[in-house]
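Shown next, in structure tokens, is the structure this report addresses.
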Amino acid sequence: MVYLLKVNVLLAVFYGFYRLLFVRDTFFGWRRVALLLMMAAAVLMPLVDISWWVASHEQTASLSEVYREVVLPTVTITGSASRFPWVRLFTLLYISGVLAFSARMMWQLGTLVKLINTSSSFQGMSIRLLRDESCPFSFFRWIFVNPEAQTEEQLQEIITHEQAHVEQRHSIDVVLMELLTIACWPNPFVWLMRREVRLNLEYLADERVVEAGSERKAYQYHLLGLAYGKNVATVCNNFNVLPLKLRIRMMNKKRTNSWLRAKYLLLVPVIGVALVACNLDKKTAEPATADEQPEVVSLNEDAIEADVQAGQDAAAAEEGVFDVVEKMPEFPGGQEALMNFLQKNVKYPKEAMDKGTQGRVVVQFVVGKDGSVTNPKVVKSVSPELDQEALRVVKMMPKWQPGKQKGEEVPVRFTIPVSFMLR
């Protein structure tokens, strides 16, 4: 879920950047490269780990600490016993949407395969004949057209247009964007970017037709005549893809000055900043020192003070304890199992509810070489009651899978925020 969240946020950022700088120029080939880079960056950057670089710079390291404190998911315990399973409902809706859009794409691909197998070639080219009123389109190396529905001049324009799609392999862009849309379908920005990808490909094909010598106005009227035709599938390059108004406007637009291509270089720092942002939730793999220990909050209850003091005494002797390593410790069953464990076992103290006390308790502990949870301590206090409850549940944890650095099991410091909230 964290990965998908990052991908969707990146898509929104990249779409805004594209609309701000690129959407008004006539560098259609450069636009295509930029859109492909944005898609690839959104999918791949959340997987790239440069936490070592983030930690080596003071400013980015500070941002990382703020990110972990403010942005990372927190286990929230409410004062009410009844909680609606929003996460489960959203997950079910998301999976249902992915399955529905995947089935739709498979059905369209099946329709295209059937047309390829049942159609015949035209004039010795890889052009398949359509017998109904479907609009012309192309898919990878195949062009589909109904010669009887077009004049000879219009047919030549269609073939020139669709050959541009075939020769420039536009179907690759379309299929990749369709897959990304399926994976991120709840995000409105992925649909907007999908529209920009398809529209830009039509700009490229329209440009080829005009460069081939077709009369501009006649070609535009031809497009208008096909505006209400039926499209076979959205996964292919349709000749009359809408909105035609934008295509006609772009054909009549004065070509952008070539020196403005330099603005596409701005995509490099934007991707760089986004890559750093994707790593703000990751710490360094350097051992912690005594001077770097978080300040432990002093509590009023004797039992809590004993826990805190024990944590402070242990911290002084924690040489070689890592903040983050190559392979982080993992709760049995993973992150979701950890969240479920905390939700099931943390109880809102009645005394705190009666007082109206609520807030965010942060507990820190060390996962030892054998996976055992040791030295739990409160590093951000709310009240003795809430602090004690958070510590109690941390002490109940089973053994974790220990962390590893350079292939060896090492002790790793871990922090868990628990939010107590009254309704």
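Labeling convention for the structure tokens: chains A, B, ... as they appear, residues from 1 per chain, ligands from 1 in order of appearance.
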Contacts of segment 167-173 of chain A within 12 Å, only C-alpha atoms, excl. fewer than 6 positions in-chain, as a PyMOL selection string: chain A and resi 29+32-40+137-143+159-161+179-180+193-205+208+234-238
Non-local contacts of Leu10 of chain A (10 Å; only C-alpha atoms; under 2 positions in same chain excluded) as a PyMOL selection string: chain A and resi 4-8+12-16+38-39+41-43+45-46+189+271+274-275+277-278
9 Å contact set for segment 345-353 of chain A, only C-alpha atoms, chain neighbours under 4 positions out, as a PyMOL selection string: chain A and resi 77-80+340-341+357-358+383+385-386+389-390+392-393+396+418+420-422
Store the residues of this selection in a file with C-alpha atoms, as a PDB file, in the first residue's frame.
ATOM      1  CA  ILE A  77      -6.477   3.249  18.930  1.00  0.00           C
ATOM      2  CA  THR A  78      -9.884   4.808  19.420  1.00  0.00           C
ATOM      3  CA  GLY A  79     -11.943   5.007  22.550  1.00  0.00           C
ATOM      4  CA  SER A  80     -14.844   3.252  20.872  1.00  0.00           C
ATOM      5  CA  ASN A 340      -3.130  -6.156  13.372  1.00  0.00           C
ATOM      6  CA  PHE A 341      -1.223  -7.225  16.502  1.00  0.00           C
ATOM      7  CA  THR A 357      -6.609  12.216  27.427  1.00  0.00           C
ATOM      8  CA  GLN A 358      -5.521  11.509  23.883  1.00  0.00           C
ATOM      9  CA  SER A 383       0.348  10.586  29.827  1.00  0.00           C
ATOM     10  CA  GLU A 385      -1.707   5.761  31.415  1.00  0.00           C
ATOM     11  CA  LEU A 386      -1.237   5.847  27.659  1.00  0.00           C
ATOM     12  CA  GLU A 389      -0.325   0.766  27.774  1.00  0.00           C
ATOM     13  CA  ALA A 390       1.921   1.253  24.749  1.00  0.00           C
ATOM     14  CA  ARG A 392       2.835  -3.123  27.878  1.00  0.00           C
ATOM     15  CA  VAL A 393       1.906  -4.231  24.375  1.00  0.00           C
ATOM     16  CA  MET A 396       4.130  -8.714  24.638  1.00  0.00           C
ATOM     17  CA  VAL A 418       0.697   4.599  18.669  1.00  0.00           C
ATOM     18  CA  PHE A 420      -4.832   7.241  21.037  1.00  0.00           C
ATOM     19  CA  MET A 421      -7.896   9.105  19.822  1.00  0.00           C
ATOM     20  CA  LEU A 422     -11.301   9.686  21.436  1.00  0.00           C
TER      21      LEU A 422
END
Closest of A:Val366, A:Cys184, A:Leu260, A:Leu155 to Ser214 of chain A - atom-to-atom distances counting only C-alpha atoms: A:Leu155
Filtered DSSP result for segment 98-170 of chain A, state helix (DSSP H, G or I), as an NGL selection string: :A and (98-118 or 147-149 or 152-167 or 170)
A:Leu244, A:Leu130, A:Val321, A:Val412 ranked by distance to Leu112 of chain A, top pick (using only C-alpha atoms):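 Ranking A:Leu244, A:Leu130, A:Val321, A:Val412 by distance to Leu112 of chain A, first place goes to A:Leu130.
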Interatomic distance, atom CA of Trp185 of chain A to atom CA of Phe101 of chain A (Å, one decimal):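 Spanning atom CA of Trp185 of chain A to atom CA of Phe101 of chain A is a straight-line distance of 8.4 Å.
Of note, atom CA of Gly359 of chain A and atom CA of Val382 of chain A are spaced 5.9 Å apart.
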